[in-house]
file start.txt (compact mmCIF, C-alpha atoms and all ligand atoms)
# COMPACT_ATOMS: atom_id res chain seq x y z
CA MET A 1 -0.42 -22.28 -10.94
CA ASN A 2 1.96 -19.58 -12.07
CA THR A 3 4.47 -19.07 -9.29
CA ALA A 4 6.93 -17.23 -11.53
CA ALA A 5 5.14 -13.93 -11.01
CA VAL A 6 5.64 -14.19 -7.24
CA THR A 7 9.24 -13.16 -7.78
CA THR A 8 8.80 -9.54 -8.77
CA PRO A 9 11.21 -7.02 -10.24
CA GLY A 10 13.14 -5.38 -7.44
CA ALA A 11 12.32 -8.12 -4.95
CA ALA A 12 14.94 -10.72 -4.13
CA PRO A 13 13.73 -14.33 -3.89
CA SER A 14 11.95 -14.98 -0.63
CA GLN A 15 10.29 -17.92 1.04
CA ALA A 16 7.20 -17.15 -1.07
CA ALA A 17 9.12 -18.10 -4.20
CA ALA A 18 10.13 -21.36 -2.56
CA ASP A 19 6.65 -22.25 -1.29
CA PRO A 20 4.02 -19.57 -1.79
CA TRP A 21 1.43 -21.45 0.29
CA ARG A 22 3.49 -21.79 3.44
CA SER A 23 2.87 -19.50 6.40
CA HIS A 24 5.45 -18.91 9.11
CA PRO A 25 4.91 -17.79 12.71
CA ALA A 26 5.71 -14.14 13.32
CA ARG A 27 5.76 -12.40 16.70
CA ILE A 28 4.21 -8.99 17.32
CA LEU A 29 7.10 -6.80 18.45
CA ARG A 30 5.24 -3.50 18.70
CA ILE A 31 1.73 -2.12 18.18
CA THR A 32 1.43 1.57 17.28
CA PRO A 33 -2.03 3.12 17.38
CA GLU A 34 -2.33 5.38 14.31
CA VAL A 35 -5.89 6.75 14.20
CA PRO A 36 -9.04 5.26 15.76
CA GLY A 37 -9.45 1.69 14.50
CA VAL A 38 -6.05 1.64 12.76
CA ARG A 39 -2.88 0.17 14.25
CA THR A 40 0.58 -0.60 12.91
CA TYR A 41 1.93 -4.04 13.83
CA ASP A 42 5.68 -4.60 13.69
CA LEU A 43 6.19 -8.31 13.07
CA GLU A 44 9.28 -10.50 13.24
CA PHE A 45 9.48 -14.07 11.95
CA ARG A 46 10.15 -16.46 14.83
CA ASP A 47 12.50 -18.58 12.67
CA ALA A 48 15.83 -16.85 12.13
CA GLY A 49 16.35 -18.63 8.77
CA VAL A 50 13.01 -17.38 7.43
CA ARG A 51 13.72 -13.92 8.81
CA ASP A 52 17.13 -13.71 7.14
CA ALA A 53 15.87 -14.95 3.76
CA TYR A 54 12.85 -12.65 3.58
CA ARG A 55 13.02 -9.70 1.13
CA PHE A 56 10.24 -7.53 -0.23
CA ALA A 57 9.73 -4.51 -2.47
CA ALA A 58 7.63 -1.37 -2.04
CA GLY A 59 3.94 -2.03 -2.66
CA GLN A 60 3.97 -5.77 -2.01
CA PHE A 61 1.71 -7.41 0.55
CA ASN A 62 1.66 -10.36 2.94
CA MET A 63 -1.16 -12.72 3.88
CA LEU A 64 -1.73 -12.56 7.65
CA TYR A 65 -3.35 -15.72 9.01
CA LEU A 66 -5.05 -16.18 12.35
CA PRO A 67 -5.78 -19.92 12.71
CA GLY A 68 -9.47 -20.63 13.18
CA ILE A 69 -10.40 -17.15 11.99
CA GLY A 70 -8.98 -16.53 8.55
CA GLU A 71 -6.46 -14.76 6.40
CA ALA A 72 -6.25 -11.18 5.09
CA ALA A 73 -4.03 -9.44 2.55
CA ILE A 74 -2.15 -6.57 4.20
CA SER A 75 0.42 -4.27 2.58
CA ILE A 76 3.92 -4.22 3.99
CA SER A 77 4.46 -0.64 5.12
CA SER A 78 8.01 -0.58 6.47
CA ASP A 79 11.45 0.07 5.03
CA ALA A 80 12.51 -2.68 2.59
CA ALA A 81 16.12 -2.07 3.64
CA GLN A 82 15.23 -3.51 7.06
CA PRO A 83 13.26 -6.64 6.16
CA GLN A 84 13.79 -8.31 9.54
CA VAL A 85 10.94 -6.27 11.04
CA LEU A 86 7.81 -5.98 8.90
CA ALA A 87 5.24 -3.27 9.60
CA HIS A 88 1.59 -3.74 8.63
CA THR A 89 -0.89 -0.91 9.17
CA VAL A 90 -4.34 -2.41 9.63
CA ARG A 91 -7.86 -1.05 9.91
CA ALA A 92 -10.14 -3.29 11.98
CA VAL A 93 -13.06 -3.94 9.60
CA GLY A 94 -13.93 -7.64 9.76
CA ASN A 95 -13.06 -11.13 10.93
CA VAL A 96 -9.29 -11.20 10.72
CA THR A 97 -8.58 -7.54 11.33
CA ASP A 98 -10.91 -7.38 14.36
CA ALA A 99 -9.22 -10.47 15.83
CA LEU A 100 -5.83 -8.90 15.14
CA ALA A 101 -6.96 -5.82 17.07
CA ARG A 102 -7.41 -8.05 20.14
CA LEU A 103 -3.82 -9.36 20.02
CA ARG A 104 -1.04 -7.97 22.20
CA VAL A 105 2.72 -7.51 21.93
CA GLY A 106 4.34 -10.96 22.14
CA ASP A 107 1.40 -12.77 20.50
CA GLU A 108 1.97 -14.53 17.19
CA VAL A 109 0.31 -14.54 13.79
CA LEU A 110 1.09 -16.67 10.73
CA LEU A 111 2.48 -14.85 7.76
CA ARG A 112 3.17 -15.77 4.14
CA GLY A 113 4.49 -13.57 1.38
CA PRO A 114 5.53 -11.27 -0.06
CA TYR A 115 3.16 -11.19 -3.02
CA GLY A 116 2.35 -8.95 -5.93
CA ARG A 117 3.95 -6.48 -8.27
CA PRO A 118 5.61 -3.55 -6.53
CA TRP A 119 5.59 0.17 -7.29
CA PRO A 120 8.03 0.92 -10.15
CA VAL A 121 10.32 2.86 -7.81
CA GLU A 122 13.56 2.15 -9.65
CA THR A 123 12.27 3.04 -13.10
CA LEU A 124 11.08 6.47 -11.93
CA ARG A 125 14.58 7.78 -11.27
CA GLY A 126 15.15 11.24 -12.73
CA ARG A 127 11.45 12.04 -12.72
CA HIS A 128 9.05 14.10 -10.61
CA VAL A 129 7.15 11.65 -8.41
CA VAL A 130 3.75 12.46 -6.96
CA VAL A 131 2.53 10.01 -4.31
CA VAL A 132 -1.22 10.28 -3.72
CA GLY A 133 -2.59 8.37 -0.74
CA GLY A 134 -6.23 8.33 0.24
CA GLY A 135 -6.82 7.22 3.83
CA LEU A 136 -5.23 3.84 4.46
CA GLY A 137 -3.85 3.86 0.91
CA LEU A 138 -0.69 5.51 2.18
CA ALA A 139 0.20 2.25 3.97
CA SER A 140 0.97 0.59 0.63
CA GLN A 141 3.14 3.58 -0.31
CA ARG A 142 5.14 4.04 2.87
CA THR A 143 7.89 1.62 1.77
CA ALA A 144 8.24 3.55 -1.48
CA ILE A 145 8.45 6.79 0.51
CA CYS A 146 11.33 5.28 2.53
CA GLU A 147 13.13 4.61 -0.78
CA PHE A 148 12.44 8.11 -2.08
CA ALA A 149 13.70 9.64 1.18
CA ARG A 150 16.88 7.54 1.16
CA HIS A 151 17.63 8.31 -2.51
CA ARG A 152 15.93 11.68 -2.81
CA ASP A 153 18.70 12.98 -5.12
CA HIS A 154 17.79 10.29 -7.67
CA TYR A 155 14.43 11.96 -8.32
CA ALA A 156 13.68 15.42 -9.75
CA SER A 157 11.16 15.99 -6.96
CA VAL A 158 8.98 13.94 -4.64
CA THR A 159 5.60 15.20 -3.44
CA ILE A 160 3.17 13.38 -1.16
CA LEU A 161 -0.49 14.36 -1.38
CA HIS A 162 -2.23 12.75 1.58
CA GLY A 163 -6.01 12.92 1.80
CA ALA A 164 -8.47 12.03 4.56
CA LYS A 165 -11.97 12.97 5.61
CA THR A 166 -10.81 14.83 8.75
CA PRO A 167 -7.44 15.73 10.35
CA GLU A 168 -7.94 12.82 12.80
CA GLY A 169 -8.04 10.45 9.83
CA LEU A 170 -4.51 11.33 8.68
CA PHE A 171 -1.91 8.90 9.95
CA TYR A 172 1.90 8.69 9.73
CA THR A 173 1.76 12.43 10.48
CA ALA A 174 4.61 11.95 12.98
CA GLU A 175 6.77 11.08 9.95
CA TYR A 176 5.98 14.23 7.99
CA ALA A 177 8.92 16.06 9.61
CA ALA A 178 11.43 13.35 8.62
CA TRP A 179 10.04 13.15 5.08
CA ARG A 180 10.25 16.93 4.72
CA ALA A 181 13.79 16.91 6.13
CA ALA A 182 14.70 14.43 3.38
CA GLY A 183 13.49 16.91 0.74
CA ILE A 184 10.02 15.50 0.17
CA GLU A 185 7.10 17.92 -0.04
CA VAL A 186 4.14 16.72 2.04
CA ARG A 187 0.70 18.26 1.36
CA PRO A 188 -2.21 16.91 3.43
CA ALA A 189 -5.82 17.62 2.48
CA VAL A 190 -9.00 16.96 4.43
CA ASP A 191 -12.66 17.13 3.43
CA GLN A 192 -13.49 18.87 6.68
CA GLY A 193 -10.99 20.82 8.83
CA ASP A 194 -11.11 21.76 12.49
CA ALA A 195 -10.00 24.75 14.56
CA GLY A 196 -6.34 23.68 14.52
CA TRP A 197 -6.19 22.80 10.82
CA SER A 198 -4.09 25.00 8.54
CA GLY A 199 -3.75 22.65 5.56
CA HIS A 200 -5.94 22.31 2.50
CA VAL A 201 -9.67 21.76 2.95
CA GLY A 202 -11.10 20.01 -0.08
CA LEU A 203 -10.26 17.10 -2.33
CA VAL A 204 -6.72 15.79 -2.52
CA THR A 205 -7.01 16.15 -6.29
CA ASP A 206 -7.29 19.97 -5.86
CA LEU A 207 -3.59 19.96 -4.95
CA PHE A 208 -2.54 18.96 -8.48
CA ALA A 209 -3.18 22.53 -9.63
CA ASP A 210 -0.34 23.78 -7.37
CA LEU A 211 2.31 21.26 -8.45
CA ALA A 212 5.41 23.06 -9.67
CA ILE A 213 6.73 20.20 -11.79
CA ASP A 214 7.36 19.34 -15.44
CA PRO A 215 4.32 17.15 -16.17
CA THR A 216 6.01 15.56 -19.16
CA ASN A 217 8.63 14.10 -16.81
CA ALA A 218 6.35 13.08 -13.95
CA ALA A 219 4.71 9.97 -12.59
CA VAL A 220 1.90 9.50 -10.10
CA LEU A 221 1.64 6.62 -7.61
CA CYS A 222 -1.90 6.44 -6.27
CA CYS A 223 -3.61 4.23 -3.72
CA GLY A 224 -7.07 4.80 -2.28
CA PRO A 225 -10.70 4.01 -3.01
CA ASP A 226 -11.42 3.26 -6.71
CA PRO A 227 -13.33 6.52 -7.36
CA MET A 228 -10.42 8.50 -5.92
CA MET A 229 -7.95 6.77 -8.22
CA THR A 230 -10.05 7.63 -11.25
CA ALA A 231 -10.31 11.24 -10.03
CA VAL A 232 -6.53 11.35 -9.52
CA ALA A 233 -5.85 10.11 -13.06
CA ARG A 234 -8.19 12.82 -14.39
CA ALA A 235 -6.57 15.53 -12.22
CA ALA A 236 -3.15 14.40 -13.42
CA ALA A 237 -4.31 14.61 -17.04
CA ARG A 238 -5.64 18.14 -16.45
CA VAL A 239 -2.14 19.34 -15.47
CA GLY A 240 -0.54 17.47 -18.38
CA ILE A 241 0.58 14.18 -16.77
CA PRO A 242 -0.42 11.42 -19.22
CA SER A 243 -2.51 8.56 -17.83
CA GLY A 244 0.28 6.23 -18.96
CA ASP A 245 2.41 7.73 -16.19
CA VAL A 246 -0.17 7.04 -13.48
CA TYR A 247 0.18 3.86 -11.39
CA VAL A 248 -2.50 2.62 -9.01
CA SER A 249 -2.64 -0.08 -6.36
CA LEU A 250 -5.93 -1.97 -6.34
CA GLU A 251 -7.59 -3.57 -3.35
CA ARG A 252 -9.76 -6.56 -4.11
CA ASN A 253 -10.90 -9.36 -1.83
CA MET A 254 -8.48 -12.21 -2.25
CA ALA A 255 -7.92 -15.64 -0.77
CA CYS A 256 -5.00 -17.63 -2.20
CA ALA A 257 -2.77 -14.75 -3.33
CA VAL A 258 -1.12 -17.10 -5.82
CA ARG A 259 -3.36 -16.76 -8.90
CA HIS A 260 -5.25 -19.91 -8.11
CA CYS A 261 -8.68 -19.26 -6.59
CA GLY A 262 -9.87 -16.46 -8.89
CA LEU A 263 -11.45 -14.39 -6.08
CA CYS A 264 -9.44 -11.31 -7.02
CA GLN A 265 -10.00 -11.65 -10.76
CA PHE A 266 -10.34 -8.21 -12.37
CA GLY A 267 -11.12 -8.54 -16.05
CA PRO A 268 -8.25 -10.63 -17.42
CA HIS A 269 -6.05 -9.75 -14.43
CA PHE A 270 -5.48 -11.45 -11.11
CA VAL A 271 -4.90 -8.61 -8.67
CA CYS A 272 -2.82 -10.84 -6.38
CA GLN A 273 -0.09 -11.37 -8.96
CA ASP A 274 -0.66 -9.07 -11.94
CA GLY A 275 -1.16 -6.32 -9.32
CA PRO A 276 -1.87 -4.94 -6.85
CA VAL A 277 0.14 -2.19 -8.64
CA PHE A 278 -1.03 -1.58 -12.21
CA ALA A 279 -0.36 1.06 -14.83
CA TYR A 280 -3.66 2.96 -14.83
CA ASP A 281 -3.98 2.64 -18.63
CA SER A 282 -3.94 -1.15 -18.37
CA ILE A 283 -6.99 -1.35 -16.08
CA VAL A 284 -9.01 1.81 -16.73
CA GLU A 285 -11.64 -0.02 -18.81
CA PHE A 286 -12.27 -2.49 -15.97
CA LEU A 287 -12.44 0.22 -13.29
CA ALA A 288 -15.46 1.55 -15.18
CA VAL A 289 -17.33 -1.77 -14.73
CA PRO A 290 -19.50 -1.61 -11.58
CA HIS A 291 -18.74 -4.21 -8.87
CA LEU A 292 -15.84 -5.74 -10.79
C1 LIG B 301 -3.26 -6.06 -1.93
C2 LIG B 301 -4.06 -5.67 -0.72
C3 LIG B 301 -3.46 -4.93 0.27
C4 LIG B 301 -4.19 -4.55 1.40
N1 LIG B 301 -3.57 -3.84 2.37
C5 LIG B 301 -4.24 -3.52 3.48
C6 LIG B 301 -3.59 -2.82 4.52
O1 LIG B 301 -2.43 -2.44 4.42
N2 LIG B 301 -4.30 -2.54 5.63
C7 LIG B 301 -5.63 -2.93 5.78
O2 LIG B 301 -6.21 -2.65 6.83
N3 LIG B 301 -6.27 -3.59 4.79
C8 LIG B 301 -5.61 -3.90 3.66
N4 LIG B 301 -6.24 -4.60 2.68
C9 LIG B 301 -7.67 -4.90 2.84
C10 LIG B 301 -7.89 -6.17 3.66
O3 LIG B 301 -7.28 -7.29 3.02
C11 LIG B 301 -9.41 -6.39 3.76
O4 LIG B 301 -9.99 -5.32 4.49
C12 LIG B 301 -9.77 -7.71 4.37
O5 LIG B 301 -11.06 -8.08 3.92
C13 LIG B 301 -9.80 -7.67 5.87
O6 LIG B 301 -10.11 -8.99 6.33
P1 LIG B 301 -11.12 -9.22 7.49
O7 LIG B 301 -11.26 -10.71 7.63
O8 LIG B 301 -10.73 -8.46 8.69
O9 LIG B 301 -12.44 -8.55 6.97
P2 LIG B 301 -13.67 -9.28 6.28
O10 LIG B 301 -14.36 -10.12 7.28
O11 LIG B 301 -13.16 -9.91 5.05
O12 LIG B 301 -14.58 -8.02 5.96
C14 LIG B 301 -14.06 -6.82 5.37
C15 LIG B 301 -15.16 -6.12 4.56
O13 LIG B 301 -15.14 -6.65 3.24
C16 LIG B 301 -16.37 -7.28 2.96
N5 LIG B 301 -16.07 -8.53 2.28
C17 LIG B 301 -15.38 -9.56 2.76
N6 LIG B 301 -15.28 -10.54 1.85
C18 LIG B 301 -15.95 -10.11 0.76
C19 LIG B 301 -16.22 -10.67 -0.52
N7 LIG B 301 -15.79 -11.88 -0.90
N8 LIG B 301 -16.92 -9.93 -1.41
C20 LIG B 301 -17.37 -8.71 -1.07
N9 LIG B 301 -17.14 -8.12 0.13
C21 LIG B 301 -16.47 -8.83 1.03
C22 LIG B 301 -17.03 -7.49 4.28
O14 LIG B 301 -18.43 -7.51 4.15
C23 LIG B 301 -16.55 -6.31 5.08
O15 LIG B 301 -17.29 -5.16 4.77
C24 LIG B 301 -5.56 -4.95 1.53
C25 LIG B 301 -6.15 -5.69 0.51
C26 LIG B 301 -5.43 -6.04 -0.60
C27 LIG B 301 -6.08 -6.84 -1.66
call {"tool": "encode", "arguments": {"input": "start.txt", "output": "structure tokens"}}
result
Amino acid sequence: MNTAAVTTPGAAPSQAAADPWRSHPARILRITPEVPGVRTYDLEFRDAGVRDAYRFAAGQFNMLYLPGIGEAAISISSDAAQPQVLAHTVRAVGNVTDALARLRVGDEVLLRGPYGRPWPVETLRGRHVVVVGGGLGLASQRTAICEFARHRDHYASVTILHGAKTPEGLFYTAEYAAWRAAGIEVRPAVDQGDAGWSGHVGLVTDLFADLAIDPTNAAVLCCGPDPMMTAVARAAARVGIPSGDVYVSLERNMACAVRHCGLCQFGPHFVCQDGPVFAYDSIVEFLAVPHL
């Protein structure tokens, strides 16, 4: 087992580095309904020592375990500068996430992590950053957005392109005002608008045509369904952003999260540790393989 990759660039050593298999009880402090079927859970480790030692980086994920039910990989979606309270935005789609939806404030889950390679937030300084989130994809990018907002002057520009099927499917919209106040441009797009909708109707990739940035000094961080990520890389290329400057976060079913079980194997990569964030160029040939 390769545990070295658990300690990722930008992430200080955590309990995962010490024992990547060990889960710790964490209490639900707050549950925020986002959109139908999606809730954000603010979790706090019960043990003060674990809580104080825990650090994570933007784009990493935890394994949430409900004894007797199972475990699911969930992105950490809160500010890495406040690692004592860990937000996880979860769509109820199956065993673990449905059971989570039945829990209340004060209940406990078991949590291990953080795992995976983060977004390359630090290395993008000085560049135009385009964050493209499709649906729940934005959850894996919210920590990075916190960093961009805090250090906005370190980046040439920061633009969020947020896509959903309908306006009701867009979440974190309450944060748009704060992100805009920090100097981040936020452009939502929906496939189908409604009477109150004044934003873009169409694909989130349409918005690339309006980007007023130097494409030779830009990078794209994309998370969403696989076909969307391919479409985003193509849209970026059309406006002159090379595919080598596109980063994607992949979602694959996983079990151990420590490069052991092989469930998340993606070509030669293990998504749990080589990802979930990859340079698009490094995985594009495998994205083209159906069902991989
Ligand atoms: C790195 C990473 C980050 C993630 N972040 C988030 C997040 O922030 N929020 C969030 O809501 N989800 C996130 N997910 C997705 C989440 O882990 C899955 O939806 C997980 O399957 C939910 O567990 P469950 O037990 O509730 O659902 P399951 O019971 O596992 O069912 C979920 C769906 O996946 C299918 N499925 C389950 N296992 C397999 C399998 N082995 N092969 C094929 N299909 C299968 C089921 O049929 C069902 O349609 C993330 C996944 C990864 C890998």
call {"tool": "residues_around", "arguments": {"input": "start.txt", "residues": "Leu124 (chain A)", "least_positions_apart": "6", "cutoff": "10 Å", "atoms": "all atoms listed in the file", "output": "PDB file with C-alpha atoms, keeping the file's coordinate frame"}}
result
ATOM      1  CA  HIS A 154      17.790  10.290  -7.670  1.00  0.00           C
ATOM      2  CA  TYR A 155      14.430  11.960  -8.320  1.00  0.00           C
ATOM      3  CA  ALA A 156      13.680  15.420  -9.750  1.00  0.00           C
ATOM      4  CA  ASN A 217       8.630  14.100 -16.810  1.00  0.00           C
ATOM      5  CA  ALA A 218       6.350  13.080 -13.950  1.00  0.00           C
ATOM      6  CA  ALA A 219       4.710   9.970 -12.590  1.00  0.00           C
ATOM      7  CA  VAL A 220       1.900   9.500 -10.100  1.00  0.00           C
ATOM      8  CA  ASP A 245       2.410   7.730 -16.190  1.00  0.00           C
TER       9      ASP A 245
END
call {"tool": "closest_atom_pairs", "arguments": {"input": "start.txt", "of": "chain A", "to": "ligand LIG 301 (chain B)", "cutoff": "9 Å", "atoms": "only C-alpha atoms and all ligand atoms", "output": "Markdown table"}}
result
| residue | atom | partner | partner_atom | distance |
| --- | --- | --- | --- | --- |
| A:Val38 | CA | B:LIG301 | O2 | 7.3 |
| A:Arg39 | CA | B:LIG301 | O2 | 8.6 |
| A:Thr40 | CA | B:LIG301 | N2 | 9.0 |
| A:Gly59 | CA | B:LIG301 | C1 | 8.3 |
| A:Gln60 | CA | B:LIG301 | C1 | 7.2 |
| A:Phe61 | CA | B:LIG301 | C1 | 5.7 |
| A:Asn62 | CA | B:LIG301 | C3 | 7.9 |
| A:Met63 | CA | B:LIG301 | O3 | 8.2 |
| A:Leu64 | CA | B:LIG301 | O3 | 8.9 |
| A:Ile69 | CA | B:LIG301 | O7 | 7.8 |
| A:Gly70 | CA | B:LIG301 | O7 | 6.3 |
| A:Glu71 | CA | B:LIG301 | O7 | 6.4 |
| A:Ala72 | CA | B:LIG301 | O3 | 4.5 |
| A:Ala73 | CA | B:LIG301 | O3 | 3.9 |
| A:Ile74 | CA | B:LIG301 | N1 | 3.6 |
| A:Ser75 | CA | B:LIG301 | O1 | 3.9 |
| A:Ile76 | CA | B:LIG301 | O1 | 6.6 |
| A:Ser77 | CA | B:LIG301 | O1 | 7.2 |
| A:His88 | CA | B:LIG301 | O1 | 6.0 |
| A:Thr89 | CA | B:LIG301 | N2 | 5.2 |
| A:Val90 | CA | B:LIG301 | O2 | 3.4 |
| A:Arg91 | CA | B:LIG301 | O2 | 3.8 |
| A:Ala92 | CA | B:LIG301 | O8 | 6.2 |
| A:Val93 | CA | B:LIG301 | O8 | 5.2 |
| A:Gly94 | CA | B:LIG301 | O9 | 3.3 |
| A:Asn95 | CA | B:LIG301 | O7 | 3.8 |
| A:Val96 | CA | B:LIG301 | O7 | 3.7 |
| A:Thr97 | CA | B:LIG301 | O8 | 3.5 |
| A:Asp98 | CA | B:LIG301 | O8 | 5.8 |
| A:Ala99 | CA | B:LIG301 | O8 | 7.6 |
| A:Leu100 | CA | B:LIG301 | O8 | 8.1 |
| A:Tyr115 | CA | B:LIG301 | C1 | 8.3 |
| A:Gly116 | CA | B:LIG301 | C1 | 7.5 |
| A:Leu136 | CA | B:LIG301 | N2 | 6.6 |
| A:Gly137 | CA | B:LIG301 | O1 | 7.4 |
| A:Leu138 | CA | B:LIG301 | O1 | 8.4 |
| A:Ala139 | CA | B:LIG301 | O1 | 5.4 |
| A:Ser140 | CA | B:LIG301 | O1 | 5.9 |
| A:Ser249 | CA | B:LIG301 | C1 | 7.5 |
| A:Leu250 | CA | B:LIG301 | C1 | 6.6 |
| A:Glu251 | CA | B:LIG301 | C27 | 4.0 |
| A:Arg252 | CA | B:LIG301 | C27 | 4.4 |
| A:Asn253 | CA | B:LIG301 | C27 | 5.4 |
| A:Met254 | CA | B:LIG301 | C27 | 5.9 |
| A:Ala255 | CA | B:LIG301 | N7 | 8.7 |
| A:Ala257 | CA | B:LIG301 | C27 | 8.7 |
| A:Leu263 | CA | B:LIG301 | N7 | 7.2 |
| A:Cys264 | CA | B:LIG301 | C27 | 7.7 |
| A:Val271 | CA | B:LIG301 | C27 | 7.3 |
| A:Cys272 | CA | B:LIG301 | C1 | 6.5 |
| A:Gly275 | CA | B:LIG301 | C1 | 7.7 |
| A:Pro276 | CA | B:LIG301 | C1 | 5.2 |
| A:Val277 | CA | B:LIG301 | C1 | 8.5 |
call {"tool": "atom_distance", "arguments": {"input": "start.txt", "atom1": "CA of Cys256 (chain A)", "atom2": "CA of Ala87 (chain A)"}}
result
21.2 Å
call {"tool": "residues_near_point", "arguments": {"input": "start.txt", "point": "(-7.2, 14.8, 4.3)", "cutoff": "12 Å", "atoms": "only C-alpha atoms", "output": "mmCIF file with C-alpha atoms, in the frame of the given file"}}
result
data_model
loop_
_atom_site.group_PDB
_atom_site.id
_atom_site.type_symbol
_atom_site.label_atom_id
_atom_site.label_comp_id
_atom_site.auth_asym_id
_atom_site.auth_seq_id
_atom_site.Cartn_x
_atom_site.Cartn_y
_atom_site.Cartn_z
ATOM 1 C CA VAL A 132 -1.220 10.280 -3.720
ATOM 2 C CA GLY A 133 -2.590 8.370 -0.740
ATOM 3 C CA GLY A 134 -6.230 8.330 0.240
ATOM 4 C CA GLY A 135 -6.820 7.220 3.830
ATOM 5 C CA LEU A 136 -5.230 3.840 4.460
ATOM 6 C CA GLY A 137 -3.850 3.860 0.910
ATOM 7 C CA LEU A 138 -0.690 5.510 2.180
ATOM 8 C CA ILE A 160 3.170 13.380 -1.160
ATOM 9 C CA LEU A 161 -0.490 14.360 -1.380
ATOM 10 C CA HIS A 162 -2.230 12.750 1.580
ATOM 11 C CA GLY A 163 -6.010 12.920 1.800
ATOM 12 C CA ALA A 164 -8.470 12.030 4.560
ATOM 13 C CA LYS A 165 -11.970 12.970 5.610
ATOM 14 C CA THR A 166 -10.810 14.830 8.750
ATOM 15 C CA PRO A 167 -7.440 15.730 10.350
ATOM 16 C CA GLU A 168 -7.940 12.820 12.800
ATOM 17 C CA GLY A 169 -8.040 10.450 9.830
ATOM 18 C CA LEU A 170 -4.510 11.330 8.680
ATOM 19 C CA PHE A 171 -1.910 8.900 9.950
ATOM 20 C CA THR A 173 1.760 12.430 10.480
ATOM 21 C CA VAL A 186 4.140 16.720 2.040
ATOM 22 C CA ARG A 187 0.700 18.260 1.360
ATOM 23 C CA PRO A 188 -2.210 16.910 3.430
ATOM 24 C CA ALA A 189 -5.820 17.620 2.480
ATOM 25 C CA VAL A 190 -9.000 16.960 4.430
ATOM 26 C CA ASP A 191 -12.660 17.130 3.430
ATOM 27 C CA GLN A 192 -13.490 18.870 6.680
ATOM 28 C CA GLY A 193 -10.990 20.820 8.830
ATOM 29 C CA ASP A 194 -11.110 21.760 12.490
ATOM 30 C CA TRP A 197 -6.190 22.800 10.820
ATOM 31 C CA SER A 198 -4.090 25.000 8.540
ATOM 32 C CA GLY A 199 -3.750 22.650 5.560
ATOM 33 C CA HIS A 200 -5.940 22.310 2.500
ATOM 34 C CA VAL A 201 -9.670 21.760 2.950
ATOM 35 C CA GLY A 202 -11.100 20.010 -0.080
ATOM 36 C CA LEU A 203 -10.260 17.100 -2.330
ATOM 37 C CA VAL A 204 -6.720 15.790 -2.520
ATOM 38 C CA THR A 205 -7.010 16.150 -6.290
ATOM 39 C CA ASP A 206 -7.290 19.970 -5.860
ATOM 40 C CA LEU A 207 -3.590 19.960 -4.950
ATOM 41 C CA GLY A 224 -7.070 4.800 -2.280
#
call {"tool": "residues_around", "arguments": {"input": "start.txt", "residues": "Ala209 (chain A)", "least_positions_apart": "3", "cutoff": "10 Å", "atoms": "all atoms listed in the file", "output": "list in words"}}
result
Thr205, Asp206, Ala212, Ala235, Ala236, Arg238 and Val239 of chain A
call {"tool": "residues_around", "arguments": {"input": "start.txt", "residues": "Pro290 (chain A)", "least_positions_apart": "6", "cutoff": "12 Å", "atoms": "all atoms listed in the file", "output": "ChimeraX atom specification"}}
result
/A:226-227,266-267
call {"tool": "residues_around", "arguments": {"input": "start.txt", "residues": "Phe45 (chain A)", "least_positions_apart": "5", "cutoff": "6 Å", "atoms": "all atoms listed in the file", "output": "PyMOL selection string"}}
result
chain A and resi 25-26+51
call {"tool": "atom_distance", "arguments": {"input": "start.txt", "atom1": "CA of Asp281 (chain A)", "atom2": "CA of Cys261 (chain A)"}}
result
25.4 Å
call {"tool": "closest_residue", "arguments": {"input": "start.txt", "among": "A:Tyr41, A:Phe208, A:Tyr280, A:Phe56", "to": "Ala144 (chain A)", "atoms": "all atoms listed in the file"}}
result
A:Phe56
call {"tool": "closest_residue", "arguments": {"input": "start.txt", "among": "A:Val50, A:Ala174, A:Val121, A:Ala237", "to": "Glu34 (chain A)", "atoms": "all atoms listed in the file"}}
result
A:Ala174
call {"tool": "atom_distance", "arguments": {"input": "start.txt", "atom1": "CA of Asp47 (chain A)", "atom2": "CA of Arg150 (chain A)"}}
result
28.9 Å
call {"tool": "build_atoms", "arguments": {"input": "start.txt", "residues": "region 56-62 of chain A", "atoms": "N, CA and C atoms", "output": "tab-separated table (two decimals), in the frame of the given file"}}
result
chain	number	residue	atom	x	y	z
A	56	PHE	N	11.46	-7.99	0.42
A	56	PHE	CA	10.24	-7.53	-0.23
A	56	PHE	C	10.52	-6.22	-0.93
A	57	ALA	N	9.58	-5.79	-1.75
A	57	ALA	CA	9.73	-4.51	-2.47
A	57	ALA	C	8.50	-3.64	-2.18
A	58	ALA	N	8.68	-2.35	-2.36
A	58	ALA	CA	7.63	-1.37	-2.04
A	58	ALA	C	6.34	-1.66	-2.79
A	59	GLY	N	5.25	-1.80	-2.05
A	59	GLY	CA	3.94	-2.03	-2.66
A	59	GLY	C	3.48	-3.47	-2.58
A	60	GLN	N	4.36	-4.36	-2.14
A	60	GLN	CA	3.97	-5.77	-2.01
A	60	GLN	C	3.17	-5.98	-0.72
A	61	PHE	N	2.53	-7.12	-0.62
A	61	PHE	CA	1.71	-7.41	0.55
A	61	PHE	C	1.98	-8.81	1.07
A	62	ASN	N	1.60	-9.03	2.33
A	62	ASN	CA	1.66	-10.36	2.94
A	62	ASN	C	0.24	-10.85	3.22
